[in-house]
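Asker: My structure file protein_7.txt, compact mmCIF, C-alpha atoms and all ligand atoms, is below:
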# COMPACT_ATOMS: atom_id res chain seq x y z
CA MET A 11 20.89 12.01 -23.89
CA ASN A 12 23.37 14.47 -25.43
CA ASP A 13 23.90 18.02 -24.17
CA ALA A 14 21.92 19.55 -27.02
CA ALA A 15 18.88 17.42 -26.27
CA ILE A 16 19.06 18.23 -22.55
CA ALA A 17 19.44 21.92 -23.31
CA GLY A 18 16.44 21.56 -25.62
CA LEU A 19 14.20 20.20 -22.88
CA PHE A 20 15.18 22.73 -20.26
CA ASP A 21 15.01 25.58 -22.78
CA LEU A 22 11.46 24.49 -23.56
CA ILE A 23 10.57 24.28 -19.86
CA ASN A 24 12.11 27.64 -19.07
CA GLU A 25 10.44 29.33 -22.02
CA LYS A 26 7.02 27.67 -22.01
CA GLY A 27 6.70 26.16 -18.54
CA ILE A 28 6.52 22.56 -17.40
CA GLY A 29 2.77 22.40 -17.96
CA GLU A 30 3.20 23.18 -21.65
CA ALA A 31 6.14 20.78 -21.97
CA VAL A 32 4.07 17.97 -20.43
CA LYS A 33 1.11 18.82 -22.66
CA ARG A 34 3.28 18.32 -25.74
CA VAL A 35 4.10 14.73 -24.77
CA SER A 36 1.64 12.45 -26.57
CA ASP A 37 0.56 9.15 -25.00
CA GLU A 38 2.81 7.15 -27.32
CA GLU A 39 5.73 9.54 -26.77
CA ALA A 40 5.35 9.20 -22.99
CA ILE A 41 5.58 5.43 -23.30
CA ARG A 42 8.59 5.66 -25.63
CA LEU A 43 10.50 8.09 -23.38
CA THR A 44 9.75 6.01 -20.28
CA GLU A 45 11.04 2.83 -21.88
CA GLU A 46 14.12 4.57 -23.29
CA TYR A 47 15.26 6.51 -20.23
CA GLY A 48 13.71 4.58 -17.34
CA THR A 49 14.89 1.31 -15.83
CA HIS A 50 12.58 -1.52 -16.83
CA ASN A 51 11.51 -2.63 -13.36
CA TYR A 52 7.81 -2.34 -14.20
CA HIS A 53 5.60 -3.61 -16.99
CA PRO A 54 2.81 -1.04 -17.09
CA LEU A 55 -0.49 -1.30 -18.90
CA HIS A 56 -0.25 0.40 -22.31
CA VAL A 57 -2.04 3.47 -20.96
CA ASN A 58 -0.72 6.99 -20.32
CA ILE A 59 -2.71 8.84 -17.66
CA VAL A 60 -2.76 12.62 -17.87
CA ARG A 61 -5.51 13.53 -15.40
CA GLY A 62 -7.52 12.15 -12.51
CA ASP A 63 -10.83 13.02 -10.90
CA GLY A 64 -12.35 10.97 -8.08
CA ILE A 65 -12.48 7.33 -9.17
CA TYR A 66 -11.65 8.21 -12.78
CA ALA A 67 -8.36 8.52 -14.66
CA TYR A 68 -8.03 9.89 -18.21
CA ASP A 69 -5.53 9.31 -20.99
CA GLY A 70 -4.36 11.95 -23.45
CA SER A 71 -7.21 11.29 -25.87
CA GLY A 72 -9.74 11.85 -23.10
CA THR A 73 -10.67 8.18 -22.60
CA GLU A 74 -12.12 7.77 -19.12
CA TYR A 75 -11.08 4.75 -17.06
CA ILE A 76 -12.45 3.60 -13.72
CA ASP A 77 -9.35 3.30 -11.56
CA CYS A 78 -9.69 -0.06 -9.82
CA ILE A 79 -5.98 -0.19 -9.04
CA GLY A 80 -6.23 2.99 -6.98
CA SER A 81 -2.43 3.07 -6.81
CA TYR A 82 -2.53 -0.22 -4.85
CA SER A 83 -4.91 1.28 -2.27
CA ALA A 84 -2.96 4.53 -1.92
CA VAL A 85 -5.69 6.55 -3.65
CA ALA A 86 -8.41 5.92 -1.06
CA HIS A 87 -9.62 9.51 -1.17
CA GLY A 88 -10.01 9.59 -4.94
CA HIS A 89 -7.85 11.55 -7.35
CA LEU A 90 -7.47 15.23 -6.45
CA ASN A 91 -9.50 14.97 -3.26
CA GLU A 92 -10.58 18.51 -2.51
CA ALA A 93 -10.04 18.52 1.25
CA VAL A 94 -6.51 17.14 0.95
CA SER A 95 -5.60 19.34 -2.05
CA ASN A 96 -6.78 22.49 -0.27
CA VAL A 97 -4.58 21.74 2.71
CA VAL A 98 -1.59 21.44 0.37
CA ARG A 99 -2.35 24.77 -1.30
CA LYS A 100 -2.47 26.54 2.06
CA GLN A 101 0.68 24.87 3.37
CA LEU A 102 2.60 26.03 0.27
CA ASP A 103 2.37 29.57 1.67
CA LYS A 104 3.99 28.57 4.97
CA ILE A 105 6.72 25.93 5.18
CA THR A 106 7.18 22.53 3.57
CA LEU A 107 10.51 21.02 4.61
CA THR A 108 12.63 21.60 7.69
CA SER A 109 14.37 18.29 8.54
CA ARG A 110 14.16 16.80 12.02
CA ALA A 111 16.86 19.15 13.30
CA VAL A 112 13.98 21.35 14.55
CA TYR A 113 10.45 20.90 15.86
CA THR A 114 7.39 21.81 13.79
CA SER A 115 3.78 22.33 14.89
CA GLU A 116 2.57 20.32 11.89
CA MET A 117 4.52 17.19 12.84
CA ALA A 118 3.51 17.59 16.48
CA LEU A 119 -0.15 17.33 15.43
CA LEU A 120 0.59 14.48 13.01
CA LEU A 121 2.08 12.43 15.85
CA GLN A 122 -0.91 13.16 18.08
CA GLY A 123 -3.30 12.42 15.22
CA LEU A 124 -1.64 9.11 14.34
CA CYS A 125 -1.78 7.99 17.97
CA GLU A 126 -5.41 9.01 18.39
CA TYR A 127 -6.50 7.43 15.12
CA THR A 128 -4.70 4.15 15.83
CA GLU A 129 -5.14 4.13 19.63
CA MET A 130 -1.39 3.72 20.06
CA ASP A 131 1.14 5.51 22.30
CA MET A 132 3.90 6.75 19.99
CA ALA A 133 4.62 7.16 16.29
CA CYS A 134 7.69 7.39 14.04
CA PRO A 135 6.98 9.11 10.71
CA MET A 136 8.74 8.00 7.52
CA ASN A 137 7.97 8.27 3.80
CA THR A 138 7.50 4.97 2.02
CA GLY A 139 5.96 1.74 3.19
CA ALA A 140 9.22 -0.16 2.93
CA GLU A 141 10.85 2.39 5.24
CA ALA A 142 8.08 1.87 7.79
CA VAL A 143 8.71 -1.89 7.70
CA GLU A 144 12.47 -1.35 8.08
CA THR A 145 11.76 0.95 11.02
CA ALA A 146 9.57 -1.67 12.71
CA ILE A 147 12.29 -4.30 12.23
CA LYS A 148 14.86 -2.05 13.90
CA LEU A 149 12.50 -1.26 16.79
CA ALA A 150 11.64 -4.94 17.32
CA ARG A 151 15.30 -5.99 17.30
CA LYS A 152 16.43 -3.25 19.67
CA TRP A 153 13.53 -4.08 21.98
CA ALA A 154 14.59 -7.74 21.92
CA TYR A 155 18.18 -6.91 22.90
CA THR A 156 17.57 -4.15 25.42
CA ILE A 157 14.30 -5.21 27.06
CA LYS A 158 13.66 -8.90 26.39
CA GLY A 159 17.31 -9.93 26.83
CA VAL A 160 17.96 -11.77 23.55
CA PRO A 161 21.74 -12.30 23.07
CA THR A 162 23.36 -9.76 20.71
CA ASN A 163 22.72 -10.36 17.00
CA ARG A 164 20.60 -13.47 17.67
CA ALA A 165 17.13 -11.94 17.35
CA GLU A 166 14.72 -13.77 15.04
CA ILE A 167 11.69 -12.34 13.30
CA ILE A 168 8.94 -14.61 11.99
CA VAL A 169 7.36 -13.75 8.64
CA ALA A 170 4.77 -15.41 6.40
CA ASN A 171 5.17 -17.32 3.19
CA GLU A 172 3.90 -15.27 0.20
CA ASN A 173 4.36 -12.01 2.13
CA PHE A 174 4.84 -8.58 0.58
CA HIS A 175 6.46 -5.87 2.69
CA GLY A 176 8.35 -3.79 0.12
CA ARG A 177 11.51 -3.84 -1.95
CA THR A 178 14.57 -3.02 0.16
CA THR A 179 17.33 -5.63 0.24
CA THR A 180 16.46 -6.67 3.80
CA ILE A 181 12.77 -6.99 2.98
CA VAL A 182 13.14 -8.93 -0.28
CA GLY A 183 15.55 -11.20 1.60
CA PHE A 184 12.58 -12.61 3.54
CA SER A 185 10.26 -12.84 0.55
CA SER A 186 9.22 -16.23 -0.81
CA GLU A 187 8.90 -14.82 -4.33
CA ALA A 188 11.92 -15.95 -6.37
CA GLN A 189 11.96 -12.95 -8.73
CA TYR A 190 12.03 -10.45 -5.87
CA LYS A 191 15.30 -12.00 -4.66
CA GLU A 192 17.12 -13.45 -7.65
CA GLY A 193 20.30 -11.52 -8.32
CA PHE A 194 20.02 -9.31 -5.24
CA GLY A 195 21.70 -11.31 -2.49
CA PRO A 196 23.35 -11.71 -0.04
CA PHE A 197 20.48 -11.03 2.32
CA THR A 198 20.02 -9.95 5.92
CA PRO A 199 19.82 -12.98 8.23
CA GLY A 200 17.43 -13.33 11.16
CA PHE A 201 14.11 -14.12 9.50
CA LYS A 202 12.09 -17.33 9.69
CA MET A 203 9.27 -18.15 7.33
CA VAL A 204 6.05 -19.97 8.21
CA ASP A 205 2.93 -20.76 6.19
CA PHE A 206 0.43 -17.91 6.42
CA GLY A 207 -2.64 -18.91 8.40
CA ASP A 208 -1.10 -21.97 10.10
CA THR A 209 -1.24 -21.33 13.85
CA ALA A 210 0.60 -24.53 14.78
CA ALA A 211 3.48 -23.63 12.43
CA LEU A 212 3.68 -20.17 13.95
CA GLU A 213 3.80 -21.61 17.45
CA ALA A 214 6.49 -24.13 16.45
CA ALA A 215 8.70 -21.41 14.94
CA ILE A 216 8.92 -19.42 18.18
CA THR A 217 12.18 -19.72 20.13
CA PRO A 218 13.57 -17.82 23.13
CA ASN A 219 15.33 -15.54 20.59
CA THR A 220 12.19 -14.58 18.70
CA ALA A 221 11.69 -10.82 18.76
CA ALA A 222 8.63 -10.35 16.61
CA VAL A 223 6.09 -11.63 14.13
CA ILE A 224 5.53 -9.39 11.10
CA MET A 225 2.60 -10.17 8.85
CA GLU A 226 -0.08 -8.60 6.71
CA PRO A 227 -3.58 -9.27 8.10
CA ILE A 228 -4.65 -10.04 4.52
CA GLN A 229 -1.98 -10.77 1.90
CA ALA A 230 -2.93 -8.24 -0.75
CA GLU A 231 -0.04 -8.53 -3.24
CA GLY A 232 0.00 -12.28 -2.69
CA GLY A 233 -3.48 -12.47 -4.25
CA ILE A 234 -5.91 -11.17 -1.60
CA ILE A 235 -5.25 -14.17 0.62
CA PHE A 236 -7.20 -14.42 3.88
CA PRO A 237 -5.93 -16.44 6.82
CA PRO A 238 -8.49 -18.78 8.41
CA GLY A 239 -10.82 -17.08 10.90
CA GLY A 240 -9.21 -16.78 14.31
CA TYR A 241 -5.63 -16.66 13.00
CA MET A 242 -5.05 -12.99 13.82
CA ALA A 243 -6.35 -13.48 17.34
CA ALA A 244 -4.25 -16.64 17.73
CA ALA A 245 -1.14 -14.75 16.60
CA ARG A 246 -1.94 -12.08 19.17
CA GLY A 247 -2.27 -14.71 21.86
CA LEU A 248 1.00 -16.45 20.95
CA CYS A 249 2.91 -13.16 20.92
CA THR A 250 1.57 -12.18 24.32
CA MET A 251 2.28 -15.61 25.81
CA ASN A 252 5.85 -15.72 24.47
CA ASN A 253 6.71 -12.05 25.02
CA LEU A 254 7.07 -11.14 21.31
CA MET A 255 6.17 -8.04 19.38
CA LEU A 256 3.17 -8.55 17.09
CA ILE A 257 3.55 -6.27 14.07
CA TRP A 258 0.76 -5.95 11.53
CA ASP A 259 1.77 -4.49 8.19
CA GLU A 260 -1.42 -2.51 7.45
CA ILE A 261 0.19 -0.45 4.70
CA GLN A 262 -2.33 -1.72 2.18
CA THR A 263 -5.18 -3.00 4.38
CA GLY A 264 -5.24 -0.03 6.77
CA PHE A 265 -7.17 3.21 6.76
CA CYS A 266 -10.62 1.75 6.05
CA ARG A 267 -9.65 -0.29 2.98
CA THR A 268 -11.23 -3.45 4.41
CA GLY A 269 -14.28 -1.78 6.00
CA LYS A 270 -12.77 -0.98 9.39
CA ARG A 271 -10.01 1.46 10.24
CA PHE A 272 -7.62 -1.49 10.41
CA ALA A 273 -8.03 -5.12 9.39
CA TRP A 274 -6.83 -6.47 12.75
CA GLN A 275 -9.99 -5.02 14.30
CA TYR A 276 -12.00 -7.88 12.76
CA GLU A 277 -10.47 -10.12 15.43
CA ASP A 278 -9.56 -7.56 18.05
CA ALA A 279 -5.92 -8.60 17.48
CA LYS A 280 -4.33 -5.30 18.46
CA PRO A 281 -0.64 -5.30 17.58
CA ASP A 282 2.32 -3.92 19.52
CA MET A 283 3.36 -2.07 16.37
CA MET A 284 1.69 -1.34 13.08
CA CYS A 285 3.21 -0.25 9.75
CA LEU A 286 1.22 2.39 7.89
CA GLY A 287 1.59 4.04 4.50
CA LYS A 288 -0.21 4.29 1.17
CA ALA A 289 -3.60 5.93 1.93
CA LEU A 290 -2.01 7.95 4.74
CA GLY A 291 -0.64 10.13 1.94
CA GLY A 292 -4.12 11.19 0.86
CA GLY A 293 -3.46 10.02 -2.69
CA LEU A 294 -0.82 12.62 -3.41
CA TYR A 295 2.35 12.28 -1.38
CA PRO A 296 4.34 9.48 0.25
CA VAL A 297 3.71 9.43 4.00
CA SER A 298 4.35 6.37 6.15
CA ALA A 299 4.72 5.65 9.83
CA VAL A 300 5.21 3.05 12.49
CA VAL A 301 2.88 3.41 15.44
CA GLY A 302 3.05 1.32 18.56
CA ALA A 303 3.14 0.76 22.28
CA ARG A 304 5.47 2.90 24.39
CA LYS A 305 7.37 -0.16 25.69
CA VAL A 306 8.82 -0.78 22.23
CA MET A 307 8.67 2.63 20.55
CA SER A 308 10.69 4.18 23.37
CA VAL A 309 13.80 2.07 22.66
CA PHE A 310 14.92 4.54 19.99
CA VAL A 311 17.34 7.20 21.29
CA PRO A 312 18.70 10.19 19.33
CA GLY A 313 20.81 8.98 16.42
CA ASP A 314 19.26 5.48 16.22
CA HIS A 315 17.11 6.19 13.20
CA GLY A 316 16.06 9.00 10.89
CA SER A 317 14.83 10.32 7.57
CA THR A 318 15.43 13.70 5.94
CA PHE A 319 11.88 14.01 4.65
CA GLY A 320 10.09 11.91 7.30
CA GLY A 321 7.35 13.90 9.05
CA ASN A 322 8.00 17.09 7.08
CA PRO A 323 5.38 19.84 7.50
CA LEU A 324 3.80 19.26 4.08
CA ALA A 325 3.58 15.50 4.64
CA SER A 326 2.18 16.10 8.11
CA VAL A 327 -0.73 18.28 7.05
CA ILE A 328 -1.52 15.94 4.17
CA ALA A 329 -1.69 12.92 6.47
CA LEU A 330 -3.74 14.85 9.03
CA ALA A 331 -6.18 15.95 6.32
CA ALA A 332 -6.31 12.38 4.99
CA MET A 333 -7.26 10.97 8.41
CA ALA A 334 -9.71 13.78 9.20
CA GLU A 335 -11.45 13.21 5.86
CA MET A 336 -11.72 9.47 6.47
CA GLU A 337 -13.36 10.20 9.81
CA SER A 338 -15.75 12.95 8.73
CA LYS A 339 -16.91 11.06 5.62
CA ASP A 340 -17.10 7.66 7.35
CA TYR A 341 -14.77 5.91 4.92
CA ALA A 342 -14.92 2.73 7.01
CA GLY A 343 -18.68 2.50 6.68
CA ARG A 344 -18.57 3.34 2.97
CA SER A 345 -15.86 0.78 2.31
CA ALA A 346 -17.85 -1.92 4.13
CA ALA A 347 -21.09 -1.13 2.29
CA MET A 348 -19.64 -0.59 -1.19
CA GLY A 349 -17.30 -3.56 -0.77
CA ALA A 350 -20.22 -5.84 0.11
CA ARG A 351 -22.07 -4.62 -2.98
CA LEU A 352 -19.02 -5.23 -5.21
CA LEU A 353 -18.41 -8.68 -3.73
CA GLU A 354 -22.04 -9.63 -4.22
CA GLY A 355 -22.12 -8.30 -7.80
CA LEU A 356 -18.91 -10.00 -8.88
CA GLY A 357 -19.82 -13.17 -6.98
CA ALA A 358 -23.07 -13.46 -8.96
CA LEU A 359 -21.34 -13.32 -12.37
CA PRO A 360 -21.99 -16.60 -14.15
CA HIS A 361 -18.68 -16.85 -16.04
CA SER A 362 -16.96 -20.23 -16.06
CA SER A 363 -13.54 -18.56 -16.18
CA ILE A 364 -13.96 -17.43 -12.54
CA GLU A 365 -12.38 -19.65 -9.93
CA ASP A 366 -13.12 -17.51 -6.88
CA VAL A 367 -14.24 -14.06 -5.82
CA ARG A 368 -13.12 -12.90 -2.39
CA GLY A 369 -12.61 -9.71 -0.47
CA ARG A 370 -13.34 -7.58 2.54
CA GLY A 371 -14.45 -3.99 2.22
CA LEU A 372 -13.11 -2.52 -0.99
CA LEU A 373 -10.18 -4.92 -1.24
CA VAL A 374 -11.65 -7.48 -3.62
CA GLY A 375 -10.14 -9.99 -6.03
CA ILE A 376 -11.38 -12.17 -8.85
CA GLU A 377 -9.24 -15.26 -9.27
CA VAL A 378 -9.57 -16.75 -12.74
CA ARG A 379 -9.13 -20.44 -13.53
CA GLU A 380 -5.80 -21.84 -14.57
CA GLY A 381 -5.45 -21.65 -18.33
CA VAL A 382 -7.45 -18.44 -18.74
CA ASP A 383 -5.50 -16.03 -20.96
CA THR A 384 -4.82 -13.36 -18.34
CA LYS A 385 -3.03 -11.13 -20.85
CA ALA A 386 -6.11 -11.08 -23.06
CA LEU A 387 -8.28 -10.50 -20.01
CA THR A 388 -6.15 -7.54 -18.93
CA GLN A 389 -6.70 -6.10 -22.41
CA GLY A 390 -10.41 -6.92 -22.10
CA PHE A 391 -10.59 -4.87 -18.91
CA LEU A 392 -8.81 -1.99 -20.68
CA ASN A 393 -11.25 -2.20 -23.58
CA GLU A 394 -14.04 -1.85 -21.01
CA ARG A 395 -12.13 1.09 -19.55
CA ILE A 396 -11.29 -0.52 -16.23
CA LEU A 397 -7.77 -0.22 -14.83
CA THR A 398 -6.91 -3.44 -12.99
CA LYS A 399 -3.89 -5.73 -12.94
CA GLU A 400 -3.17 -9.23 -11.77
CA THR A 401 -1.61 -9.82 -8.41
CA ARG A 402 0.65 -12.86 -8.21
CA SER A 403 -1.94 -15.61 -8.29
CA ARG A 404 -4.18 -15.03 -11.36
CA THR A 405 -6.19 -12.70 -9.14
CA PHE A 406 -7.33 -9.38 -10.54
CA ARG A 407 -7.46 -6.77 -7.83
CA TYR A 408 -10.25 -4.25 -7.28
CA ALA A 409 -9.13 -1.53 -4.88
CA PRO A 410 -10.99 1.54 -6.13
CA PRO A 411 -11.06 4.80 -4.18
CA LEU A 412 -13.28 4.48 -1.10
CA ILE A 413 -15.41 7.44 -2.21
CA ILE A 414 -17.01 5.25 -4.90
CA SER A 415 -20.82 5.30 -5.24
CA GLU A 416 -23.35 2.47 -5.62
CA SER A 417 -23.95 3.16 -9.31
CA GLN A 418 -20.21 3.21 -9.95
CA ILE A 419 -19.89 -0.18 -8.24
CA ASP A 420 -22.66 -1.53 -10.48
CA GLU A 421 -20.85 -0.13 -13.50
CA ILE A 422 -17.66 -1.99 -12.50
CA VAL A 423 -19.62 -5.23 -12.24
CA ALA A 424 -21.24 -4.71 -15.66
CA ARG A 425 -17.93 -3.90 -17.32
CA THR A 426 -16.23 -6.86 -15.65
CA SER A 427 -18.92 -9.14 -16.99
CA ARG A 428 -18.35 -7.88 -20.55
CA ALA A 429 -14.56 -8.18 -20.18
CA LEU A 430 -14.95 -11.80 -19.06
CA ASP A 431 -17.36 -12.46 -21.98
CA ALA A 432 -14.64 -11.33 -24.39
CA VAL A 433 -12.18 -14.02 -23.24
CA SER A 434 -14.55 -16.96 -22.81
C1 LIG A 501 2.84 -1.41 -0.79
C2 LIG A 501 3.20 -2.19 0.42
C3 LIG A 501 4.44 -2.02 1.05
C4 LIG A 501 5.53 -1.13 0.50
O1 LIG A 501 5.16 0.20 0.39
P1 LIG A 501 6.05 1.20 -0.52
O2 LIG A 501 5.47 2.54 -0.23
O3 LIG A 501 5.86 0.75 -1.94
O4 LIG A 501 7.47 1.05 -0.08
C5 LIG A 501 4.67 -2.74 2.21
N1 LIG A 501 3.75 -3.58 2.71
C6 LIG A 501 2.56 -3.78 2.12
C7 LIG A 501 1.57 -4.72 2.74
C8 LIG A 501 2.24 -3.11 0.94
O5 LIG A 501 1.07 -3.33 0.33
Spit out the file's structure as structure tokens when you get a sec.
Answerer:
Amino acid sequence: MNDAAIAGLFDLINEKGIGEAVKRVSDEEAIRLTEEYGTHNYHPLHVNIVRGDGIYAYDGSGTEYIDCIGSYSAVAHGHLNEAVSNVVRKQLDKITLTSRAVYTSEMALLLQGLCEYTEMDMACPMNTGAEAVETAIKLARKWAYTIKGVPTNRAEIIVANENFHGRTTTIVGFSSEAQYKEGFGPFTPGFKMVDFGDTAALEAAITPNTAAVIMEPIQAEGGIIFPPGGYMAAARGLCTMNNLMLIWDEIQTGFCRTGKRFAWQYEDAKPDMMCLGKALGGGLYPVSAVVGARKVMSVFVPGDHGSTFGGNPLASVIALAAMAEMESKDYAGRSAAMGARLLEGLGALPHSSIEDVRGRGLLVGIEVREGVDTKALTQGFLNERILTKETRSRTFRYAPPLIISESQIDEIVARTSRALDAVS
């Protein structure tokens, strides 16, 4: 962009305001500018969203979509949730960012709230999910060296095939997805991969140097993949027996998404640490955290870890409001009930293009048969005004806001049926 063009934009903003400048960007112009000035690390749907309200998102022409992506489960509270938004408005009159060089009352309550909500001892607030995973890795390694007695730099962490834990270089280094890694090496050593759901493989991978097992309770990005029943409990048992840290990455499955506060509760497989993010931000701000048992969380000493924005006062009140709202409105119960209705509705669709429908709570996927034109189907969903995208394995994800109603669930099922009709 040349100086004149830059001056033009900021002149416009300073004269008319950002709201007016944004209003002047048409849907097509937004797409053009994004592709011209942004790196091409995403391939978005050809839709420009200008407004949200509950489960709905609207483009510039006013077309109303049901948001079944829900920002990959981050918009659990619905767009512009009133309780969360009101807390932000009030906090904007007080203080928003201080850094961790001082204490704040807001973060103090966030830490208490996180520990009460998760029934854990201590918490470490961060911003993005990937940062929470990185934090858990550092905690597990330091615990292994200082408490368990693993020789320096020999700690091993066991991960699952087809995992998704974020996009930092360390995290993509232990991904099994070629595209996540290709061109980005060399990678951090110290990770061992086992097949997800295979208890014997997990047991065989454990050595005296193993520090931790990090897994998602349900592999959401991998295609809504469930381990066999009993796997979470078995992993808990193996970690206890071998003195390892069990770390569940509940960034996507946590906070009522699967019909309980956390997915590990289905098997009472309480972890030593848990990674949290996405819905913790109330649908409007990145807030993540690691929560865990004192024996491991207490290995951090001043200077070991940090984040400029982590646990800032604005983030803290948002996360507190997000958790309070989930409790007062029984999001877990809603997610379980509405998820069962969605699963039943989608499961009853007679279309031959469907290979499988699976889910728990409001984390549901439709896997289509090999050979189905998934590009055409994505467009079919858009034509029916449903926002959904494929995960890795021909599985279209439904993770709508947890505030969804029965009639809205039925509407999703009806629209899905018509979208599938259009490609068969
Ligand atoms: C989204 C996600 C992450 C990464 O979160 P970011 O906020 O995008 O860094 C990590 N783990 C799981 C299971 C996720 O779904």
Asker: Mind dumping a table of every region 283-335 of chain A residue within 6 Å of region 126-142 of chain A, with the nearest atom pair and its distance in Å to one decimal, using all atoms listed in the file, sorted by chain and rising number, as a tab-separated table?
Answerer:
residue	atom	partner	partner_atom	distance
A:Cys285	CA	A:Ala142	CA	5.7
A:Gly287	CA	A:Gly139	CA	5.1
A:Pro296	CA	A:Asn137	CA	5.2
A:Val297	CA	A:Asn137	CA	4.4
A:Ser298	CA	A:Asn137	CA	4.7
A:Ala299	CA	A:Pro135	CA	4.2
A:Val300	CA	A:Cys134	CA	5.2
A:Val301	CA	A:Ala133	CA	4.2
A:Gly302	CA	A:Met130	CA	5.3
A:Ala303	CA	A:Asp131	CA	5.2
A:Arg304	CA	A:Asp131	CA	5.5
A:Gly320	CA	A:Met136	CA	4.1
A:Gly321	CA	A:Pro135	CA	5.1
Asker: Go ahead and dump the residues you just picked, C-alpha atoms, as a PDB file, keeping the file's coordinate frame.
Answerer:
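Saved the output as out14.pdb:
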ATOM      1  CA  CYS A 285       3.210  -0.250   9.750  1.00  0.00           C
ATOM      2  CA  GLY A 287       1.590   4.040   4.500  1.00  0.00           C
ATOM      3  CA  PRO A 296       4.340   9.480   0.250  1.00  0.00           C
ATOM      4  CA  VAL A 297       3.710   9.430   4.000  1.00  0.00           C
ATOM      5  CA  SER A 298       4.350   6.370   6.150  1.00  0.00           C
ATOM      6  CA  ALA A 299       4.720   5.650   9.830  1.00  0.00           C
ATOM      7  CA  VAL A 300       5.210   3.050  12.490  1.00  0.00           C
ATOM      8  CA  VAL A 301       2.880   3.410  15.440  1.00  0.00           C
ATOM      9  CA  GLY A 302       3.050   1.320  18.560  1.00  0.00           C
ATOM     10  CA  ALA A 303       3.140   0.760  22.280  1.00  0.00           C
ATOM     11  CA  ARG A 304       5.470   2.900  24.390  1.00  0.00           C
ATOM     12  CA  GLY A 320      10.090  11.910   7.300  1.00  0.00           C
ATOM     13  CA  GLY A 321       7.350  13.900   9.050  1.00  0.00           C
TER      14      GLY A 321
END
Asker: Would you list the contacts of region 169-182 of chain A as number ranges by chain, taking every protein, DNA or RNA residue within 8 Å and counting all atoms listed in the file, but skipping same-chain residues closer than 2 positions in sequence?
Answerer: A: 139-140, 143-144, 167, 184-187, 190-191, 194-195, 197-198, 201-206, 223-226, 229-232, 259
Asker: For Gly200 (chain A), which residue out of A:Ile328, A:Leu352, A:Ala221, A:Ala188 is the nearest one, using only C-alpha atoms?
Answerer: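 Under the stated criterion, the closest residue is A:Ala221.
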Asker: Please determine, counting only C-alpha atoms, which residue among A:Val57, A:Val160, A:Ile65, A:Cys249 has the shortest atom-to-atom distance to Ile41 (chain A).
Answerer: A:Val57
Asker: Could you give me, as an NGL selection string, the residues that sit within 7 Å of (-13.1, -18.7, -19.3) in the file's coordinates, counting all atoms listed in the file?
Answerer: :A and (361-364 or 382 or 433-434)
Asker: Compute the distance from (-2.6, 0.2, -5.8) to each atom, counting only C-alpha atoms, keep the residues with any atom at most 10 Å away, and return them as a compact mmCIF listing (two decimals) with C-alpha atoms, in the frame of the given file; use the coordinates of the file.
Answerer:
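selection.txt was written with the following content:
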# COMPACT_ATOMS: atom_id res chain seq x y z
CA ASP A 77 -9.35 3.30 -11.56
CA CYS A 78 -9.69 -0.06 -9.82
CA ILE A 79 -5.98 -0.19 -9.04
CA GLY A 80 -6.23 2.99 -6.98
CA SER A 81 -2.43 3.07 -6.81
CA TYR A 82 -2.53 -0.22 -4.85
CA SER A 83 -4.91 1.28 -2.27
CA ALA A 84 -2.96 4.53 -1.92
CA VAL A 85 -5.69 6.55 -3.65
CA ALA A 86 -8.41 5.92 -1.06
CA ALA A 230 -2.93 -8.24 -0.75
CA GLU A 231 -0.04 -8.53 -3.24
CA GLN A 262 -2.33 -1.72 2.18
CA LYS A 288 -0.21 4.29 1.17
CA ALA A 289 -3.60 5.93 1.93
CA THR A 398 -6.91 -3.44 -12.99
CA LYS A 399 -3.89 -5.73 -12.94
CA ARG A 407 -7.46 -6.77 -7.83
CA TYR A 408 -10.25 -4.25 -7.28
CA ALA A 409 -9.13 -1.53 -4.88
CA PRO A 410 -10.99 1.54 -6.13
CA PRO A 411 -11.06 4.80 -4.18
Asker: To one decimal place in Å, what is the distance between CA of Glu377 (chain A) and CA of Arg404 (chain A)?
Answerer: 5.5 Å
Asker: Which residue, A:Arg267, A:Lys305, A:His89, A:Arg99, has the smallest gap to ligand LIG 501 (chain A) when you use only C-alpha atoms and all ligand atoms?
Answerer: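 Looking only at the distances to ligand LIG 501 (chain A), the closest residue turns out to be A:Arg267.
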Asker: Box for region 95-113 of chain A - axis-aligned, 8 Å on each of the six sides, all listed atoms - centre and size in Å to one decimal, as lines of an AutoDock Vina configuration file.
Answerer:
center_x = 5.0
center_y = 23.2
center_z = 6.9
size_x = 39.6
size_y = 28.8
size_z = 33.9
